[in-house]
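Student: Quick one, model14.tsv (TSV, C-alpha atoms):
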chain	number	residue	atom	x	y	z
A	35	MET	CA	-5.76	46.56	117.75
A	36	LEU	CA	-4.23	43.67	115.82
A	37	THR	CA	-3.44	44.28	112.15
A	38	ASN	CA	-4.10	41.60	109.54
A	39	LEU	CA	-0.78	40.86	107.81
A	40	ALA	CA	-2.19	38.29	105.40
A	41	ASN	CA	-1.63	40.47	102.33
A	42	SER	CA	2.07	40.87	103.15
A	43	ALA	CA	2.74	37.16	103.68
A	44	SER	CA	4.54	35.18	101.00
A	45	PHE	CA	5.59	31.55	101.07
A	46	GLU	CA	8.60	32.16	98.80
A	47	PRO	CA	11.22	32.45	101.61
A	48	LEU	CA	10.45	28.81	102.54
A	49	ARG	CA	10.06	27.34	99.07
A	50	GLU	CA	12.42	24.38	98.71
A	51	ARG	CA	13.93	25.05	102.14
A	52	PRO	CA	14.41	22.04	104.44
A	53	VAL	CA	11.87	21.99	107.27
A	54	ALA	CA	11.62	19.50	110.13
A	55	VAL	CA	8.46	19.05	112.14
A	56	LEU	CA	9.48	17.57	115.48
A	57	GLY	CA	6.64	15.50	116.89
A	58	CYS	CA	3.64	14.42	114.86
A	59	GLY	CA	0.58	15.24	116.89
A	60	ALA	CA	-2.52	16.66	115.23
A	61	GLN	CA	-0.96	20.12	114.80
A	62	GLY	CA	2.43	18.80	113.74
A	63	ALA	CA	0.93	16.51	111.12
A	64	ALA	CA	-1.16	19.34	109.68
A	65	HIS	CA	1.78	21.75	109.47
A	66	ALA	CA	3.99	19.10	107.87
A	67	ALA	CA	1.41	18.19	105.21
A	68	ASN	CA	0.46	21.79	104.42
A	69	LEU	CA	4.07	23.00	104.16
A	70	ARG	CA	4.96	20.02	101.97
A	71	ASP	CA	2.02	20.71	99.68
A	72	SER	CA	3.00	24.40	99.52
A	73	GLY	CA	6.49	23.49	98.28
A	74	ALA	CA	8.81	23.14	101.28
A	75	ARG	CA	11.08	20.12	101.70
A	76	VAL	CA	9.59	18.63	104.85
A	77	CYS	CA	10.65	15.78	107.09
A	78	ILE	CA	9.19	14.63	110.39
A	79	GLY	CA	11.26	13.87	113.48
A	80	GLN	CA	9.35	11.34	115.56
A	81	ARG	CA	10.31	8.61	117.97
A	82	PRO	CA	9.27	5.15	116.79
A	83	GLY	CA	6.09	3.58	118.06
A	84	GLY	CA	2.77	5.06	119.02
A	85	SER	CA	0.23	7.26	117.31
A	86	GLY	CA	2.77	9.89	116.17
A	87	GLU	CA	4.65	7.47	113.95
A	88	ARG	CA	1.39	6.08	112.52
A	89	ARG	CA	0.12	9.59	111.85
A	90	ALA	CA	3.34	10.53	110.04
A	91	ARG	CA	3.24	7.44	107.84
A	92	ASP	CA	-0.46	7.92	107.10
A	93	ALA	CA	0.40	11.42	105.86
A	94	GLY	CA	3.04	10.03	103.49
A	95	PHE	CA	6.17	10.71	105.54
A	96	ASP	CA	8.97	8.38	106.57
A	97	PRO	CA	9.67	9.63	110.10
A	98	LEU	CA	13.27	10.14	111.18
A	99	PRO	CA	14.92	10.17	114.60
A	100	ILE	CA	14.65	13.69	115.99
A	101	ASN	CA	18.40	14.34	115.91
A	102	GLU	CA	18.60	13.29	112.25
A	103	ALA	CA	15.69	15.57	111.34
A	104	VAL	CA	17.50	18.46	113.06
A	105	ARG	CA	20.69	17.79	111.08
A	106	ARG	CA	18.83	17.85	107.77
A	107	SER	CA	16.77	21.00	108.30
A	108	GLU	CA	16.89	24.77	108.72
A	109	LEU	CA	13.45	25.49	110.18
A	110	LEU	CA	12.66	23.28	113.17
A	111	ILE	CA	8.96	23.29	114.07
A	112	PHE	CA	8.24	22.05	117.60
A	113	GLY	CA	5.15	19.86	117.71
A	114	LEU	CA	6.27	18.26	120.99
A	115	PRO	CA	4.25	18.44	124.24
A	116	ASP	CA	5.23	21.37	126.46
A	117	ASP	CA	6.26	19.13	129.34
A	118	ALA	CA	8.44	16.89	127.15
A	119	THR	CA	10.14	19.65	125.16
A	120	PRO	CA	12.81	20.86	127.66
A	121	ASP	CA	14.39	17.41	128.11
A	122	ILE	CA	14.28	16.49	124.41
A	123	PHE	CA	15.64	19.91	123.47
A	124	ALA	CA	18.57	19.67	125.90
A	125	ARG	CA	19.55	16.11	124.89
A	126	GLU	CA	18.74	15.81	121.19
A	127	ILE	CA	18.39	19.27	119.67
A	128	ARG	CA	20.52	21.94	121.30
A	129	PRO	CA	23.88	20.18	120.72
A	130	LEU	CA	23.12	20.16	116.97
A	131	LEU	CA	22.00	23.77	116.59
A	132	ARG	CA	24.01	25.98	114.25
A	133	PRO	CA	23.81	29.54	112.89
A	134	GLY	CA	21.06	29.61	110.29
A	135	HIS	CA	18.71	27.39	112.26
A	136	THR	CA	15.27	28.76	113.07
A	137	LEU	CA	13.33	27.38	116.02
A	138	GLY	CA	9.62	27.53	115.30
A	139	PHE	CA	7.00	27.05	118.01
A	140	LEU	CA	3.27	26.33	117.79
A	141	HIS	CA	2.78	27.71	121.30
A	142	GLY	CA	5.01	30.04	123.29
A	143	PHE	CA	4.98	28.21	126.64
A	144	VAL	CA	8.53	26.82	126.84
A	145	VAL	CA	10.10	29.99	125.44
A	146	HIS	CA	8.09	32.50	127.42
A	147	TYR	CA	8.75	30.73	130.73
A	148	GLY	CA	12.45	30.30	129.99
A	149	LEU	CA	12.49	26.49	129.96
A	150	LEU	CA	14.99	26.22	127.08
A	151	GLU	CA	18.62	27.34	126.90
A	152	ILE	CA	18.55	28.87	123.41
A	153	PRO	CA	21.81	29.91	121.66
A	154	ALA	CA	22.01	33.52	120.51
A	155	ALA	CA	22.89	32.53	116.94
A	156	VAL	CA	19.46	31.09	116.00
A	157	ASP	CA	16.13	32.70	115.17
A	158	VAL	CA	13.13	31.96	117.40
A	159	ILE	CA	9.64	32.43	115.97
A	160	LEU	CA	6.05	31.36	116.57
A	161	CYS	CA	3.15	30.45	114.30
A	162	ALA	CA	0.04	29.53	116.27
A	163	PRO	CA	-3.08	28.70	114.25
A	164	LYS	CA	-6.31	29.53	116.05
A	165	GLY	CA	-7.85	26.18	115.37
A	166	GLN	CA	-7.31	22.46	115.92
A	167	GLY	CA	-4.95	20.47	113.73
A	168	ARG	CA	-7.78	18.81	111.81
A	169	ALA	CA	-9.12	22.22	110.83
A	170	VAL	CA	-5.65	23.47	109.83
A	171	ARG	CA	-5.43	20.60	107.36
A	172	SER	CA	-9.05	20.43	106.16
A	173	GLU	CA	-9.31	24.17	105.55
A	174	PHE	CA	-6.05	24.12	103.59
A	175	VAL	CA	-7.20	21.19	101.43
A	176	ALA	CA	-10.49	23.00	100.78
A	177	GLY	CA	-8.59	26.05	99.52
A	178	GLY	CA	-8.85	28.16	102.68
A	179	GLY	CA	-6.88	28.49	105.85
A	180	VAL	CA	-7.17	28.89	109.61
A	181	GLY	CA	-6.16	32.31	110.92
A	182	ALA	CA	-2.86	32.36	112.81
A	183	LEU	CA	-0.75	34.40	115.20
A	184	ILE	CA	2.94	35.00	114.51
A	185	ALA	CA	5.66	36.32	116.81
A	186	VAL	CA	9.42	36.82	116.85
A	187	HIS	CA	11.35	36.17	120.08
A	188	GLN	CA	14.89	36.26	118.67
A	189	ASP	CA	16.07	37.57	115.30
A	190	ALA	CA	19.69	36.53	114.81
A	191	SER	CA	19.52	36.50	111.00
A	192	GLY	CA	17.47	39.63	110.39
A	193	ARG	CA	14.93	37.46	108.54
A	194	ALA	CA	12.97	35.93	111.40
A	195	ARG	CA	9.75	37.86	110.74
A	196	GLN	CA	9.93	36.99	107.04
A	197	THR	CA	10.25	33.31	107.94
A	198	ALA	CA	7.30	33.49	110.34
A	199	LEU	CA	5.10	35.06	107.67
A	200	ALA	CA	6.20	32.45	105.13
A	201	TRP	CA	5.40	29.64	107.58
A	202	ALA	CA	1.93	31.10	108.18
A	203	ALA	CA	1.40	31.40	104.43
A	204	GLY	CA	2.60	27.83	103.93
A	205	ILE	CA	-0.17	26.44	106.14
A	206	GLY	CA	-2.78	28.59	104.38
A	207	SER	CA	-3.33	31.34	106.96
A	208	HIS	CA	-2.61	34.07	104.37
A	209	ARG	CA	-5.97	33.18	102.83
A	210	THR	CA	-7.72	34.28	106.03
A	211	ALA	CA	-5.79	36.31	108.62
A	212	ILE	CA	-2.31	36.56	110.14
A	213	PHE	CA	-1.89	38.66	113.29
A	214	ASP	CA	1.38	39.83	114.82
A	215	THR	CA	1.74	39.28	118.57
A	216	THR	CA	4.37	38.37	121.19
A	217	PHE	CA	5.32	35.07	122.82
A	218	ARG	CA	4.12	36.49	126.14
A	219	ASP	CA	0.68	37.55	124.93
A	220	GLU	CA	0.06	34.35	122.95
A	221	THR	CA	1.08	32.13	125.85
A	222	GLU	CA	-0.80	33.89	128.60
A	223	THR	CA	-4.04	34.42	126.68
A	224	ASP	CA	-3.98	30.84	125.38
A	225	LEU	CA	-3.53	29.36	128.86
A	226	PHE	CA	-6.19	31.62	130.31
A	227	GLY	CA	-8.69	30.76	127.59
A	228	GLU	CA	-8.14	27.04	128.11
A	229	GLN	CA	-8.48	27.20	131.87
A	230	ALA	CA	-11.21	29.80	132.35
A	231	VAL	CA	-13.44	29.13	129.34
A	232	LEU	CA	-12.68	26.59	126.63
A	233	CYS	CA	-11.81	23.55	128.75
A	234	GLY	CA	-11.90	24.18	132.49
A	235	GLY	CA	-14.71	26.74	132.54
A	236	VAL	CA	-17.02	25.02	130.07
A	237	SER	CA	-16.59	21.53	131.51
A	238	ALA	CA	-17.18	22.74	135.08
A	239	LEU	CA	-20.23	24.80	134.04
A	240	VAL	CA	-21.76	21.91	132.11
A	241	ARG	CA	-21.18	19.39	134.89
A	242	THR	CA	-22.52	21.71	137.59
A	243	ALA	CA	-25.68	22.44	135.58
A	244	TYR	CA	-26.19	18.72	134.86
A	245	ASP	CA	-25.78	17.82	138.55
A	246	THR	CA	-28.22	20.58	139.56
A	247	LEU	CA	-30.98	19.16	137.35
A	248	VAL	CA	-30.33	15.51	138.24
A	249	ASN	CA	-30.19	16.26	141.96
A	250	ALA	CA	-33.52	18.05	141.60
A	251	GLY	CA	-35.07	14.86	140.24
A	252	TYR	CA	-35.03	15.41	136.46
A	253	PRO	CA	-34.08	12.53	134.13
A	254	PRO	CA	-30.32	12.44	133.44
A	255	GLU	CA	-30.96	12.23	129.70
A	256	LEU	CA	-32.89	15.52	129.73
A	257	ALA	CA	-30.20	17.14	131.86
A	258	TYR	CA	-27.50	16.04	129.42
A	259	LEU	CA	-29.45	17.19	126.38
A	260	GLU	CA	-30.12	20.64	127.83
A	261	CYS	CA	-26.76	21.33	129.46
A	262	CYS	CA	-24.30	19.59	127.14
A	263	HIS	CA	-25.70	18.34	123.83
A	264	GLU	CA	-27.28	21.66	122.83
A	265	LEU	CA	-24.13	23.58	123.76
A	266	LYS	CA	-22.80	23.02	120.24
A	267	LEU	CA	-25.80	24.79	118.72
A	268	VAL	CA	-25.15	27.94	120.72
A	269	ALA	CA	-21.36	27.71	120.32
A	270	ASP	CA	-21.76	27.47	116.54
A	271	LEU	CA	-24.00	30.55	116.54
A	272	ILE	CA	-21.50	32.53	118.62
A	273	TYR	CA	-18.63	31.32	116.40
A	274	ALA	CA	-20.41	32.49	113.24
A	275	GLU	CA	-22.31	35.55	114.46
A	276	GLY	CA	-20.91	36.66	117.83
A	277	ILE	CA	-22.90	36.91	121.05
A	278	ALA	CA	-25.19	39.62	119.67
A	279	GLY	CA	-25.87	37.52	116.59
A	280	MET	CA	-26.62	34.48	118.74
A	281	ARG	CA	-29.09	36.49	120.81
A	282	ALA	CA	-30.81	37.68	117.65
A	283	ARG	CA	-31.42	34.09	116.55
A	284	ILE	CA	-32.66	32.41	119.72
A	285	SER	CA	-36.19	32.55	121.13
A	286	SER	CA	-37.41	35.57	123.06
A	287	THR	CA	-37.67	33.42	126.19
A	288	ALA	CA	-34.06	32.22	125.86
A	289	ARG	CA	-32.87	35.76	125.14
A	290	TYR	CA	-34.60	37.19	128.21
A	291	GLY	CA	-33.17	34.40	130.38
A	292	ASP	CA	-29.72	35.09	128.97
A	293	LEU	CA	-29.88	38.80	129.69
A	294	THR	CA	-31.35	38.51	133.18
A	295	ARG	CA	-29.84	35.30	134.60
A	296	GLY	CA	-26.43	34.87	133.03
A	297	SER	CA	-24.75	37.41	135.30
A	298	ARG	CA	-26.14	35.56	138.33
A	299	VAL	CA	-24.32	32.39	137.26
A	300	ILE	CA	-21.12	34.14	136.19
A	301	GLY	CA	-20.90	36.91	138.77
A	302	ALA	CA	-18.39	38.60	141.02
A	303	ALA	CA	-17.02	35.36	142.49
A	304	THR	CA	-16.30	33.98	139.02
A	305	LYS	CA	-14.60	37.20	137.95
A	306	ALA	CA	-12.43	37.08	141.06
A	307	ALA	CA	-11.48	33.46	140.33
A	308	MET	CA	-10.62	34.34	136.74
A	309	SER	CA	-8.40	37.20	137.92
A	310	GLU	CA	-6.65	34.81	140.29
A	311	ILE	CA	-6.11	32.26	137.52
A	312	LEU	CA	-4.72	34.96	135.22
A	313	GLY	CA	-2.39	36.10	137.99
A	314	GLU	CA	-1.01	32.57	138.35
A	315	ILE	CA	-0.41	32.40	134.61
A	316	ARG	CA	1.30	35.80	134.42
A	317	SER	CA	3.53	35.19	137.43
A	318	GLY	CA	4.68	31.80	136.14
A	319	ALA	CA	3.14	29.96	139.10
A	320	PHE	CA	0.97	27.79	136.85
A	321	ALA	CA	3.93	26.93	134.61
A	322	ARG	CA	6.01	25.87	137.60
A	323	GLU	CA	3.13	23.80	138.99
A	324	PHE	CA	2.54	22.12	135.61
A	325	ILE	CA	6.20	21.25	135.03
A	326	GLU	CA	6.59	19.96	138.58
A	327	ALA	CA	3.49	17.79	138.24
A	328	SER	CA	4.61	16.43	134.87
A	329	GLN	CA	7.94	15.37	136.38
A	330	LYS	CA	6.32	13.39	139.19
A	331	SER	CA	4.89	10.09	138.04
A	332	ALA	CA	2.61	9.88	141.08
A	333	LEU	CA	0.98	13.19	140.25
A	334	ARG	CA	0.76	12.29	136.57
A	335	ASP	CA	-0.77	8.92	137.37
A	336	GLY	CA	-3.18	10.65	139.74
A	337	ALA	CA	-4.30	13.02	137.00
A	338	ASN	CA	-4.83	10.09	134.64
A	339	ALA	CA	-6.82	8.28	137.31
A	340	MET	CA	-9.02	11.35	137.82
A	341	SER	CA	-9.65	11.54	134.08
A	342	ALA	CA	-10.49	7.81	133.90
A	343	SER	CA	-12.84	8.16	136.87
A	344	ALA	CA	-14.60	11.11	135.25
A	345	ASN	CA	-15.05	9.12	132.02
A	346	ALA	CA	-16.65	6.26	133.96
A	347	ASP	CA	-19.24	8.31	135.83
A	348	ASP	CA	-22.97	8.70	135.23
A	349	PHE	CA	-22.63	11.90	133.17
A	350	GLU	CA	-20.36	10.20	130.63
A	351	ARG	CA	-22.46	7.03	130.58
A	352	VAL	CA	-25.59	9.04	129.76
A	353	GLY	CA	-23.67	11.06	127.18
A	354	ARG	CA	-22.33	7.99	125.39
A	355	GLY	CA	-25.81	6.55	125.09
A	356	LEU	CA	-27.29	9.75	123.70
A	357	ARG	CA	-24.42	10.32	121.30
A	358	GLU	CA	-24.87	6.80	119.94
A	359	LEU	CA	-28.52	7.55	119.24
A	360	LEU	CA	-28.29	11.14	118.06
A	361	LEU	CA	-25.01	11.05	116.13
A	362	ARG	CA	-25.06	7.48	114.79
A	363	ARG	CA	-26.56	8.42	111.44
A	364	ARG	CA	-24.07	11.26	110.98
A	365	ILE	CA	-21.14	8.96	111.84
A	366	GLU	CA	-22.38	6.20	109.52
In structure tokens, write the structure found in this file.
Tutor:
Amino acid sequence: MLTNLANSASFEPLRERPVAVLGCGAQGAAHAANLRDSGARVCIGQRPGGSGERRARDAGFDPLPINEAVRRSELLIFGLPDDATPDIFAREIRPLLRPGHTLGFLHGFVVHYGLLEIPAAVDVILCAPKGQGRAVRSEFVAGGGVGALIAVHQDASGRARQTALAWAAGIGSHRTAIFDTTFRDETETDLFGEQAVLCGGVSALVRTAYDTLVNAGYPPELAYLECCHELKLVADLIYAEGIAGMRARISSTARYGDLTRGSRVIGAATKAAMSEILGEIRSGAFAREFIEASQKSALRDGANAMSASANADDFERVGRGLRELLLRRRIE
């Protein structure tokens, strides 16, 4: 069982300490803004051009070259993509590392799979909020916080855990929950959740259900509404109340269908596939495949082409039309 460490977390070890957030994606921008507002001296290391630089400036930062941000700071928070981190680390970060530096990661991938050559004289920690960057920022501004996982991979100073707790407190997680874990467990469960459920599993389930209805002759708009649009309603119920709570709040017909048909859709074959996927994650096979693919422009371009093709198909066309009708008033 995980223990909530929120009551033992204090931001004081990071107050007025120089922090660099390297890369200004959604998570990086949220961590930078929250830590700044909590009282740390924060800079952002970001290459010029693109959305990262705009995001940093919109948040009130004057982004620096990555190597300059490293020179100025003690805690280095990696908001860089997993596939880009090893090369940037080797060329622009590692030569500048010194005793007293702490390497902080939002996700354990590059550390767990040994993709970085890390000196023994630095601390290596993790703070992984269990929510998207927008939520990390909006919850903090509203006076709350997104729960987070912390972990220590290397404790050269004897203060690594204290720094991890302070980082989590600085983004507001001490107002909710902070759980202690390991780089291994965070990485492997995160990858599995993305592939089997949150991204890969859900998107494949939704598309397969949509195709089943359309191929049977039902209007695409009805298929989209039933298999995709209403997914948020159920996901919100599960998020707030759990599966049992969701079942208590849906119709008796829906509840009976859930209890008697769900295991036919997600049965033995799916469980076997999930076990295989988890095995690839735990063995490092997925990490090797991902890094190899990211280094080959043809494979990367192929993946982008697949994504563009998927966005242009009938499912997405129907979805865009319905979202324009059903969400227009909310957006306006």
Student: Nearest to A:Phe112 among A:Ala64, A:Ala74, A:Ala319, A:Cys58, with distances taken over all atoms listed in the file: which residue is it?
Tutor: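 Smallest separation from A:Phe112 among the options: A:Cys58.
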Student: Would you mind reading off the distance between atom CA of A:Val236 and atom CA of A:Cys261, one decimal, in Å?
Tutor: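 The value is 10.4 Å.
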Student: My list of candidates is A:His187, A:Ala230, A:Ile78, A:Leu98. Which is closest to A:Ile300 when distances are computed with all atoms listed in the file?
Tutor: A:Ala230
Student: Which residue out of A:Ala185, A:Val299, A:Leu271, A:His135 has the minimum interatomic distance to A:Leu239 when all atoms listed in the file are used?
Tutor: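 Ranked by minimum distance to A:Leu239, first place goes to A:Val299.
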Student: Contacts of A:Arg51 at 10 Å or less, counting only C-alpha atoms, minus same-chain residues fewer than 4 places along, as a ChimeraX atom specification?
Tutor: /A:46-47,73-76,107-109
Student: May I have a table of the residues of stretch 109-174 of chain A lying at most 12 Å from stretch 83-94 of chain A, giving each one's closest pair of atoms and their distance in Å to one decimal, counting all atoms listed in the file, ordered by chain and ascending residue number, as JSON lines?
Tutor:
{"residue": "A:Gly113", "atom": "CA", "partner": "A:Gly86", "partner_atom": "CA", "distance": 10.4}
{"residue": "A:Leu114", "atom": "CA", "partner": "A:Gly86", "partner_atom": "CA", "distance": 10.3}
{"residue": "A:Pro115", "atom": "CA", "partner": "A:Gly86", "partner_atom": "CA", "distance": 11.8}
{"residue": "A:Arg171", "atom": "CA", "partner": "A:Ala93", "partner_atom": "CA", "distance": 11.0}
Student: Out of A:His208, A:Leu247, A:His65, A:Val240, which residue has the shortest atom-to-atom distance to A:Leu265 when counting only C-alpha atoms?
Tutor: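 Once distances to A:Leu265 are computed over only C-alpha atoms, the minimum belongs to A:Val240.
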Student: Quick one: of A:Gly206, A:Gly138, A:Gly177, A:Pro120, who's nearest to A:Ala43, counting all atoms listed in the file?
Tutor: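 Under the stated criterion, the closest residue is A:Gly206.
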Student: Please list as a PyMOL selection string every residue within 9 Å of stretch 320-322 of chain A, counting all atoms listed in the file and excluding residues in the same chain fewer than 6 positions away.
Tutor: chain A and resi 143+147+311+314
Student: Could you work out how far atom CA of A:Ala203 lies from atom CA of A:Gly79, giving the answer in Å with one decimal?
Tutor: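 A separation of 22.1 Å between them.
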Student: How far is it from atom CA of A:Thr37 to atom CA of A:Val53, in Å with one decimal?
Tutor: 27.5 Å
Student: Would you mind listing what lies within 9 Å of A:Phe213 as a list of chain:residue names, with only C-alpha atoms counted and same-chain residues fewer than 4 positions away left out?
Tutor: A:Leu36, A:Thr37, A:Asn38, A:Leu39, A:Ala40, A:Gly181, A:Ala182, A:Leu183, A:Ile184, A:Ala185
Student: If we count only C-alpha atoms, what is near A:Leu293 at a cut-off of 10 Å, once residues fewer than 5 positions away on the same chain are taken out, given as JSON, numbers by chain?
Tutor: {"A": [281, 288, 298]}
Student: Using all atoms listed in the file, which of the listed residues (A:Ala306, A:Leu359, A:Arg70, A:Gly178) sits closest to A:Thr210?
Tutor: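 Using all atoms listed in the file, A:Thr210 sits closest to A:Gly178.
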Student: Could you add whatever atoms are missing so that stretch 229-256 of chain A carries N, CA and C atoms, then write the result as a PDB file, in the coordinates of the input?
Tutor:
ATOM      1  N   GLN A 229      -8.130  27.478 130.486  1.00  0.00           N
ATOM      2  CA  GLN A 229      -8.480  27.200 131.870  1.00  0.00           C
ATOM      3  C   GLN A 229      -9.814  27.825 132.283  1.00  0.00           C
ATOM      4  N   ALA A 230     -10.044  29.064 131.858  1.00  0.00           N
ATOM      5  CA  ALA A 230     -11.210  29.800 132.350  1.00  0.00           C
ATOM      6  C   ALA A 230     -12.464  29.555 131.508  1.00  0.00           C
ATOM      7  N   VAL A 231     -12.274  29.242 130.218  1.00  0.00           N
ATOM      8  CA  VAL A 231     -13.440  29.130 129.340  1.00  0.00           C
ATOM      9  C   VAL A 231     -13.463  27.804 128.583  1.00  0.00           C
ATOM     10  N   LEU A 232     -12.546  27.625 127.651  1.00  0.00           N
ATOM     11  CA  LEU A 232     -12.680  26.590 126.630  1.00  0.00           C
ATOM     12  C   LEU A 232     -12.678  25.175 127.186  1.00  0.00           C
ATOM     13  N   CYS A 233     -11.890  24.907 128.194  1.00  0.00           N
ATOM     14  CA  CYS A 233     -11.810  23.550 128.750  1.00  0.00           C
ATOM     15  C   CYS A 233     -12.296  23.550 130.191  1.00  0.00           C
ATOM     16  N   GLY A 234     -11.531  24.180 131.079  1.00  0.00           N
ATOM     17  CA  GLY A 234     -11.900  24.180 132.490  1.00  0.00           C
ATOM     18  C   GLY A 234     -13.241  24.821 132.768  1.00  0.00           C
ATOM     19  N   GLY A 235     -13.472  26.019 132.256  1.00  0.00           N
ATOM     20  CA  GLY A 235     -14.710  26.740 132.540  1.00  0.00           C
ATOM     21  C   GLY A 235     -15.930  26.043 131.983  1.00  0.00           C
ATOM     22  N   VAL A 236     -15.859  25.655 130.710  1.00  0.00           N
ATOM     23  CA  VAL A 236     -17.020  25.020 130.070  1.00  0.00           C
ATOM     24  C   VAL A 236     -17.335  23.685 130.728  1.00  0.00           C
ATOM     25  N   SER A 237     -16.312  22.843 130.938  1.00  0.00           N
ATOM     26  CA  SER A 237     -16.590  21.530 131.510  1.00  0.00           C
ATOM     27  C   SER A 237     -17.172  21.638 132.913  1.00  0.00           C
ATOM     28  N   ALA A 238     -16.646  22.574 133.717  1.00  0.00           N
ATOM     29  CA  ALA A 238     -17.180  22.740 135.080  1.00  0.00           C
ATOM     30  C   ALA A 238     -18.600  23.293 135.044  1.00  0.00           C
ATOM     31  N   LEU A 239     -18.881  24.230 134.144  1.00  0.00           N
ATOM     32  CA  LEU A 239     -20.230  24.800 134.040  1.00  0.00           C
ATOM     33  C   LEU A 239     -21.229  23.743 133.611  1.00  0.00           C
ATOM     34  N   VAL A 240     -20.867  22.947 132.608  1.00  0.00           N
ATOM     35  CA  VAL A 240     -21.760  21.910 132.110  1.00  0.00           C
ATOM     36  C   VAL A 240     -22.047  20.872 133.192  1.00  0.00           C
ATOM     37  N   ARG A 241     -20.991  20.402 133.864  1.00  0.00           N
ATOM     38  CA  ARG A 241     -21.180  19.390 134.890  1.00  0.00           C
ATOM     39  C   ARG A 241     -22.008  19.904 136.065  1.00  0.00           C
ATOM     40  N   THR A 242     -21.771  21.142 136.469  1.00  0.00           N
ATOM     41  CA  THR A 242     -22.520  21.710 137.590  1.00  0.00           C
ATOM     42  C   THR A 242     -23.999  21.851 137.237  1.00  0.00           C
ATOM     43  N   ALA A 243     -24.284  22.299 136.010  1.00  0.00           N
ATOM     44  CA  ALA A 243     -25.680  22.440 135.580  1.00  0.00           C
ATOM     45  C   ALA A 243     -26.357  21.071 135.496  1.00  0.00           C
ATOM     46  N   TYR A 244     -25.656  20.094 134.950  1.00  0.00           N
ATOM     47  CA  TYR A 244     -26.190  18.720 134.860  1.00  0.00           C
ATOM     48  C   TYR A 244     -26.509  18.195 136.260  1.00  0.00           C
ATOM     49  N   ASP A 245     -25.571  18.323 137.183  1.00  0.00           N
ATOM     50  CA  ASP A 245     -25.780  17.820 138.550  1.00  0.00           C
ATOM     51  C   ASP A 245     -26.963  18.526 139.216  1.00  0.00           C
ATOM     52  N   THR A 246     -27.116  19.822 138.951  1.00  0.00           N
ATOM     53  CA  THR A 246     -28.220  20.580 139.560  1.00  0.00           C
ATOM     54  C   THR A 246     -29.571  19.999 139.132  1.00  0.00           C
ATOM     55  N   LEU A 247     -29.716  19.713 137.835  1.00  0.00           N
ATOM     56  CA  LEU A 247     -30.980  19.160 137.350  1.00  0.00           C
ATOM     57  C   LEU A 247     -31.206  17.740 137.853  1.00  0.00           C
ATOM     58  N   VAL A 248     -30.169  16.899 137.800  1.00  0.00           N
ATOM     59  CA  VAL A 248     -30.330  15.510 138.240  1.00  0.00           C
ATOM     60  C   VAL A 248     -30.639  15.443 139.731  1.00  0.00           C
ATOM     61  N   ASN A 249     -29.958  16.248 140.510  1.00  0.00           N
ATOM     62  CA  ASN A 249     -30.190  16.260 141.960  1.00  0.00           C
ATOM     63  C   ASN A 249     -31.587  16.765 142.308  1.00  0.00           C
ATOM     64  N   ALA A 250     -32.159  17.548 141.383  1.00  0.00           N
ATOM     65  CA  ALA A 250     -33.520  18.050 141.600  1.00  0.00           C
ATOM     66  C   ALA A 250     -34.571  17.047 141.118  1.00  0.00           C
ATOM     67  N   GLY A 251     -34.131  15.917 140.611  1.00  0.00           N
ATOM     68  CA  GLY A 251     -35.070  14.860 140.240  1.00  0.00           C
ATOM     69  C   GLY A 251     -35.384  14.741 138.759  1.00  0.00           C
ATOM     70  N   TYR A 252     -34.753  15.493 137.899  1.00  0.00           N
ATOM     71  CA  TYR A 252     -35.030  15.410 136.460  1.00  0.00           C
ATOM     72  C   TYR A 252     -34.257  14.240 135.849  1.00  0.00           C
ATOM     73  N   PRO A 253     -34.770  13.653 134.769  1.00  0.00           N
ATOM     74  CA  PRO A 253     -34.080  12.530 134.130  1.00  0.00           C
ATOM     75  C   PRO A 253     -32.687  12.934 133.645  1.00  0.00           C
ATOM     76  N   PRO A 254     -31.678  12.102 133.872  1.00  0.00           N
ATOM     77  CA  PRO A 254     -30.320  12.440 133.440  1.00  0.00           C
ATOM     78  C   PRO A 254     -30.224  12.730 131.940  1.00  0.00           C
ATOM     79  N   GLU A 255     -31.026  12.017 131.141  1.00  0.00           N
ATOM     80  CA  GLU A 255     -30.960  12.230 129.700  1.00  0.00           C
ATOM     81  C   GLU A 255     -31.390  13.655 129.332  1.00  0.00           C
ATOM     82  N   LEU A 256     -32.458  14.147 129.987  1.00  0.00           N
ATOM     83  CA  LEU A 256     -32.890  15.520 129.730  1.00  0.00           C
ATOM     84  C   LEU A 256     -31.831  16.516 130.186  1.00  0.00           C
TER      85      LEU A 256
END
